[in-house]
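Asks: Sharing a structure with you now.
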Amino acid sequence: MIKVFERPKSLTDKPFHYCPGCTHGIVHRLVAEVMDELNIRERTVGVAPVGCAVFAYEYFNCDMQEAAHGRAPAVATGIKRVLPDCVVFTYQGDGDLAAIGTAEIVHAATRGENITTVFINNAIYGMTGGQMAPTTLIGQVTATTPYGRDKDRAGYPVRMSEMLATLEGSAYIERVSVHDIKHITQAKKAVKKAFETQLAGKGFSMVEVLSTCPTNWGMTPAEALKWLETNMIPYYPLGVKKEVE
Amino acid sequence: MAIKDKLSGNEAVAIAMRQIDPDVVAAFPITPSTEVPQYFSQFVANGQVHTEFVAVESEHSAMSACIGAEAAGARTMTATSSQGLALMWEMLYIAASLHLPIVMSVINRALSGPINIHNDHSDSMGARDSGWIQLYCEDNQEAYDNLIQAVRIAEHKDVQLPVMVCFDGFITSHAVENIELIEDEKVKAFVGEYKPGYHLLNKDNPIALGPLDMPAFYFEHKRAQAECMQNAKKVIMEVAQEFEKLTGRKYGFFEEYRMDDAEVAVVVLNSTAGTAKTVVNELRDQGIKAGLIKPRVFRPFPFEEIGKALSGLKAVAVMDKAESFSTAGGPLFAEIRSAMFDYAKDTKAINYIYGLGGRDVRADEIKLVYQDLIDIARTGQVKSTFNYLGIRE
């Protein structure tokens, strides 16, 4: 019998702890498949965030380091500077990257650190139980905005990819989604391109992945995918925001 | 008439905050304190308080926003845990040195690393020298009562210092217990209207806050800060007496449990005191003269009072839910033993570090501590001063 499908070598056998319908699992798989295809697993170091993906070090079958909340890009900087021939990536959610760690991601990109960031944007703080994040959409109901996010009180959602694309040190920034097969395929291409950008030594690369949080959005997995498509994509347009040749 | 309810510690302090109705709350979620600002944000959304609620992007900014708000003359509160408190470190010292009476719930959780979300006291113990008053709480009732008293203590004109009210993550923050709440109007009357000692844009007294302070004056300013901490001792007792008149619940620097004729005693903070009291009762039933001291006020440290309370005992065990890595015991032990040097020289003292990272501490383990004390009392010999409880060696 010919084996046509298997678990990527870059994932461990550990079952994911993620909620049903959460798209973290898909993105983990995409990153692992890319690591396999580029044959870089043995020289890759991942930096895990604080947030729902805090256990990323349990799932990626490469060396991993746990960073304090938001500090992954700075920790990755240290690793990459010492081990320039290694591939270093961070895997961060929006509470980690777009809130408490805004300074670290901005300045890693500003310095043009030759690292790759996978940024999961699900428009909410997942692990702490669904509070408003900087990425929460106007009108979106969360635990701390029970009548919806009010721009007058809580300001506007932040578009990290567009912001980071303005920085000279950013070499490749793309926003993708994983709400259907077509977009998952595109997302994988973007992740691969980001790692290739690092391998080519071009500078900072990031893929922002629009993701779902059915538990904290209060939806079924199918509803959550639909909600992402109809609500998040109009505010967070997909596509390449920056690419250095 | 007191209101009887069943609440978690987090619900209780969120309700206290609703009753206090502060002008500003700035907070960032962190387990296990997340619920406090979350419940409170719902009071804001429902118009039950007039508070300006700021969902900032980090605790670093939460405490900075609190400093700005308090400096602008607003009664300001927040809540955090563990890494959140650690991220506030820089600002904790600034809040205290600027004499800004911010009140913060600290829901005690172990510090990274390794990362852990469960209870110990490494977070607030690390902040013990930041210049904040620290109150510790055994249960939801004490968390609620201390938070209300904290506002009065912090804002007293002779104190003007920030206060952290510390209680145990998950054990107290999430467990639901019976509680007696005070009526809203009585809480409001108790805390009163906030009249800041000084604030920005006061036309009668223009000020600059936090300017460069060189060797010529920095030392005097630190000395003045210590004086406020000294004054806090008197104010803490005055506020407690007034609170007792209101509620019938008595608070002091520490609780003495069955200490009258005690020969051996454990000193322990927060929820573990509840477990240890059941052990004391059991030992008392067997005719053993066991007692317990539960410190409520750790900053300022009641040096003389606690030293005297331990004099005449044969042996004392101080239990620390934090490792100081001094190799000479935990932080509570160091200070208690220092007080005993002046006031209870003849009492033998040992230290047990326990429960780090949320390791459960059971009554049978606390019994081992008392057994150790009983042996010391009988023989006069201390086999080991620095000990760990409930650990694989």
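Every chain in the structure tokens takes a letter, A first, then B, and so on in the order presented; its residues are numbered from 1, and the ligands are numbered from 1 following the presented order.
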Give one line per residue of chain B that approaches chain A to at most 9 Å, naming the two atoms of the closest pair and their distance in Å to one decimal, counting only C-alpha atoms; sort by chain then ascending residue number and deliver it as a Markdown table.
Replies:
```
| residue | atom | partner | partner_atom | distance |
| --- | --- | --- | --- | --- |
| B:Phe28 | CA | A:Ile100 | CA | 8.9 |
| B:Pro29 | CA | A:Thr128 | CA | 6.7 |
| B:Ile30 | CA | A:Thr128 | CA | 6.6 |
| B:Thr31 | CA | A:Thr128 | CA | 6.4 |
| B:Pro32 | CA | A:Thr128 | CA | 8.5 |
| B:Thr34 | CA | A:Thr128 | CA | 6.7 |
| B:Glu35 | CA | A:Thr128 | CA | 8.8 |
| B:Pro37 | CA | A:Thr144 | CA | 8.0 |
| B:Gln38 | CA | A:Thr144 | CA | 5.4 |
| B:Tyr39 | CA | A:Thr144 | CA | 7.8 |
| B:Phe40 | CA | A:Thr144 | CA | 8.4 |
| B:Ser41 | CA | A:Thr144 | CA | 5.4 |
| B:Gln42 | CA | A:Thr144 | CA | 6.4 |
| B:Ala45 | CA | A:Pro146 | CA | 7.0 |
| B:Asn46 | CA | A:Pro146 | CA | 8.9 |
| B:Glu52 | CA | A:Arg153 | CA | 8.8 |
| B:Phe53 | CA | A:Arg153 | CA | 8.3 |
| B:Val54 | CA | A:Ala154 | CA | 7.4 |
| B:Ala55 | CA | A:Ala154 | CA | 7.2 |
| B:Val56 | CA | A:Ala99 | CA | 8.1 |
| B:Glu57 | CA | A:Ala99 | CA | 4.5 |
| B:Ser58 | CA | A:Ile100 | CA | 4.6 |
| B:Glu59 | CA | A:Ile100 | CA | 7.9 |
| B:His60 | CA | A:Ile100 | CA | 8.4 |
| B:Ser61 | CA | A:Ile100 | CA | 8.9 |
| B:Gln83 | CA | A:Ala68 | CA | 8.2 |
| B:Ser112 | CA | A:Ala68 | CA | 7.9 |
| B:Gly113 | CA | A:Ala68 | CA | 8.7 |
| B:Pro114 | CA | A:Glu66 | CA | 8.8 |
| B:Ile115 | CA | A:Glu66 | CA | 8.3 |
```
Asks: Which residue, B:Met214, B:Cys166, B:Cys66, B:Leu269, has the smallest gap to Asn108 in chain B when you use only C-alpha atoms?
Replies: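 Among B:Met214, B:Cys166, B:Cys66, B:Leu269, it is B:Cys166 that comes nearest to Asn108 in chain B.
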Asks: DSSP on the backbone: what in range 93-176 of chain A comes out helix (DSSP H, G or I), as a PyMOL selection string?
Replies: chain A and resi 94-100+102-110+151-154+160-165
Asks: I'd like the interatomic distance between CA of Ala76 in chain A and CA of Gly201 in chain A, to a tenth of an Å.
Replies: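 Atom-to-atom, CA of Ala76 in chain A to CA of Gly201 in chain A, that is 15.0 Å.
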Asks: As number ranges by chain, please: the residues near Met125 in chain B (cut-off 8 Å, only C-alpha atoms, same-chain neighbours under 3 positions excluded).
Replies: B: 121-122, 128, 322, 331
Asks: Quick one: everything within 10 Å of Asp13 in chain A, counting only C-alpha atoms, minus sequence neighbours fewer than 3 positions away in the same chain. Send it as a list in words.
Replies: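 Near neighbours after the sequence-gap exclusion: Arg7, Pro8, Lys9, Ser10, Phe16, Glu58, Tyr59, Phe60 and Asn61 of chain A.
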Asks: The selected residues should be written to file as a short mmCIF file (atom, residue, chain, number, x, y, z; two decimals), in the first residue's frame (atoms: all heavy atoms).
Replies:
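Contents of the output file part_22.cif:
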```cif
data_model
loop_
_atom_site.label_atom_id
_atom_site.label_comp_id
_atom_site.auth_asym_id
_atom_site.auth_seq_id
_atom_site.Cartn_x
_atom_site.Cartn_y
_atom_site.Cartn_z
N ARG A 7 1.36 12.51 8.96
CA ARG A 7 1.63 13.64 9.84
C ARG A 7 3.00 14.23 9.47
O ARG A 7 3.94 13.48 9.24
CB ARG A 7 1.65 13.13 11.28
CG ARG A 7 1.99 14.17 12.33
CD ARG A 7 2.07 13.51 13.70
NE ARG A 7 0.74 13.21 14.22
CZ ARG A 7 0.04 14.07 14.96
NH1 ARG A 7 0.53 15.24 15.28
NH2 ARG A 7 -1.16 13.74 15.38
N PRO A 8 3.11 15.54 9.41
CA PRO A 8 4.43 16.12 9.09
C PRO A 8 5.45 15.69 10.15
O PRO A 8 5.12 15.58 11.32
CB PRO A 8 4.20 17.63 9.16
CG PRO A 8 2.72 17.82 9.07
CD PRO A 8 2.09 16.58 9.60
N LYS A 9 6.67 15.48 9.71
CA LYS A 9 7.75 15.11 10.64
C LYS A 9 8.00 16.23 11.65
O LYS A 9 8.51 16.00 12.73
CB LYS A 9 9.05 14.87 9.86
CG LYS A 9 8.98 13.72 8.87
CD LYS A 9 9.27 12.39 9.56
CE LYS A 9 9.32 11.24 8.57
NZ LYS A 9 8.00 10.97 7.94
N SER A 10 7.64 17.43 11.25
CA SER A 10 7.91 18.57 12.12
C SER A 10 6.83 18.79 13.19
O SER A 10 6.88 19.77 13.92
CB SER A 10 8.08 19.85 11.29
OG SER A 10 9.19 19.71 10.42
N PHE A 16 -3.35 17.99 19.84
CA PHE A 16 -3.55 19.41 20.15
C PHE A 16 -4.57 19.56 21.27
O PHE A 16 -5.54 18.82 21.35
CB PHE A 16 -4.07 20.17 18.92
CG PHE A 16 -3.08 20.26 17.79
CD1 PHE A 16 -3.50 20.12 16.48
CD2 PHE A 16 -1.74 20.51 18.03
CE1 PHE A 16 -2.60 20.23 15.42
CE2 PHE A 16 -0.82 20.62 16.98
CZ PHE A 16 -1.26 20.47 15.67
N GLU A 58 5.11 21.88 22.69
CA GLU A 58 4.72 20.47 22.77
C GLU A 58 4.47 19.88 21.38
O GLU A 58 4.46 18.67 21.21
CB GLU A 58 3.42 20.32 23.59
CG GLU A 58 3.50 20.85 25.00
CD GLU A 58 3.79 19.75 26.00
OE1 GLU A 58 4.24 18.67 25.56
OE2 GLU A 58 3.58 19.99 27.20
N TYR A 59 4.17 20.73 20.42
CA TYR A 59 3.67 20.27 19.12
C TYR A 59 4.70 20.34 18.00
O TYR A 59 4.73 19.48 17.14
CB TYR A 59 2.42 21.06 18.73
CG TYR A 59 1.37 21.11 19.81
CD1 TYR A 59 0.75 22.29 20.20
CD2 TYR A 59 1.01 19.93 20.48
CE1 TYR A 59 -0.21 22.32 21.20
CE2 TYR A 59 0.06 19.95 21.48
CZ TYR A 59 -0.55 21.15 21.84
OH TYR A 59 -1.48 21.15 22.84
N PHE A 60 5.51 21.38 18.00
CA PHE A 60 6.52 21.49 16.94
C PHE A 60 7.71 20.61 17.31
O PHE A 60 8.26 20.71 18.40
CB PHE A 60 6.95 22.94 16.73
CG PHE A 60 5.88 23.77 16.07
CD1 PHE A 60 5.26 24.81 16.75
CD2 PHE A 60 5.48 23.49 14.77
CE1 PHE A 60 4.27 25.56 16.15
CE2 PHE A 60 4.47 24.25 14.16
CZ PHE A 60 3.87 25.28 14.85
N ASN A 61 8.09 19.77 16.36
CA ASN A 61 9.15 18.79 16.60
C ASN A 61 10.51 19.38 16.25
O ASN A 61 11.25 18.86 15.42
CB ASN A 61 8.85 17.53 15.77
CG ASN A 61 9.72 16.37 16.19
OD1 ASN A 61 10.36 16.40 17.23
ND2 ASN A 61 9.75 15.35 15.35
#
```
Asks: Give me, please, the distance in Å between CA of Gly291 in chain B and CA of Ile179 in chain B, quoted to one decimal.
Replies: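 Rounded to one decimal, the two atoms are 25.3 Å apart.
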Asks: If we count only C-alpha atoms, what is near Phe170 in chain B at a cut-off of 8 Å, once residues fewer than 3 positions away on the same chain are taken out, given as an MDAnalysis selection string?
Replies: chainID B and resid 32 118:119 173:175
Asks: Can those selected residues be exported to a file as a PDB file, in the first residue's frame so that it contains N, CA, C and O atoms?
Replies:
```pdb
ATOM      1  N   PRO B  32      -4.647  34.504  37.325  1.00  0.00           N
ATOM      2  CA  PRO B  32      -6.079  34.305  37.593  1.00  0.00           C
ATOM      3  C   PRO B  32      -6.821  35.574  37.996  1.00  0.00           C
ATOM      4  O   PRO B  32      -7.910  35.497  38.534  1.00  0.00           O
ATOM      5  N   HIS B 118      -0.430  28.758  38.729  1.00  0.00           N
ATOM      6  CA  HIS B 118      -1.044  28.484  40.034  1.00  0.00           C
ATOM      7  C   HIS B 118      -0.416  29.319  41.151  1.00  0.00           C
ATOM      8  O   HIS B 118       0.500  30.080  40.944  1.00  0.00           O
ATOM      9  N   ASN B 119      -0.949  29.114  42.336  1.00  0.00           N
ATOM     10  CA  ASN B 119      -0.671  30.054  43.422  1.00  0.00           C
ATOM     11  C   ASN B 119       0.641  29.814  44.156  1.00  0.00           C
ATOM     12  O   ASN B 119       0.925  28.697  44.572  1.00  0.00           O
ATOM     13  N   SER B 173      -9.382  33.166  44.655  1.00  0.00           N
ATOM     14  CA  SER B 173      -9.944  33.972  43.562  1.00  0.00           C
ATOM     15  C   SER B 173     -11.110  33.284  42.861  1.00  0.00           C
ATOM     16  O   SER B 173     -12.036  33.934  42.397  1.00  0.00           O
ATOM     17  N   HIS B 174     -11.065  31.953  42.771  1.00  0.00           N
ATOM     18  CA  HIS B 174     -12.085  31.244  41.998  1.00  0.00           C
ATOM     19  C   HIS B 174     -13.024  30.379  42.838  1.00  0.00           C
ATOM     20  O   HIS B 174     -14.107  30.021  42.366  1.00  0.00           O
ATOM     21  N   ALA B 175     -12.614  29.995  44.052  1.00  0.00           N
ATOM     22  CA  ALA B 175     -13.495  29.172  44.881  1.00  0.00           C
ATOM     23  C   ALA B 175     -14.628  30.041  45.427  1.00  0.00           C
ATOM     24  O   ALA B 175     -14.405  31.167  45.855  1.00  0.00           O
TER      25      ALA B 175
END
```
Asks: Excluding Lys321 in chain B and residues on its chain fewer than 6 positions from it, collect all residues at most 12 Å away from it, counting only C-alpha atoms, and give them as a ChimeraX atom specification.
Replies: /B:108-111,118-126,168,267-273,329-333,351-361,388-390
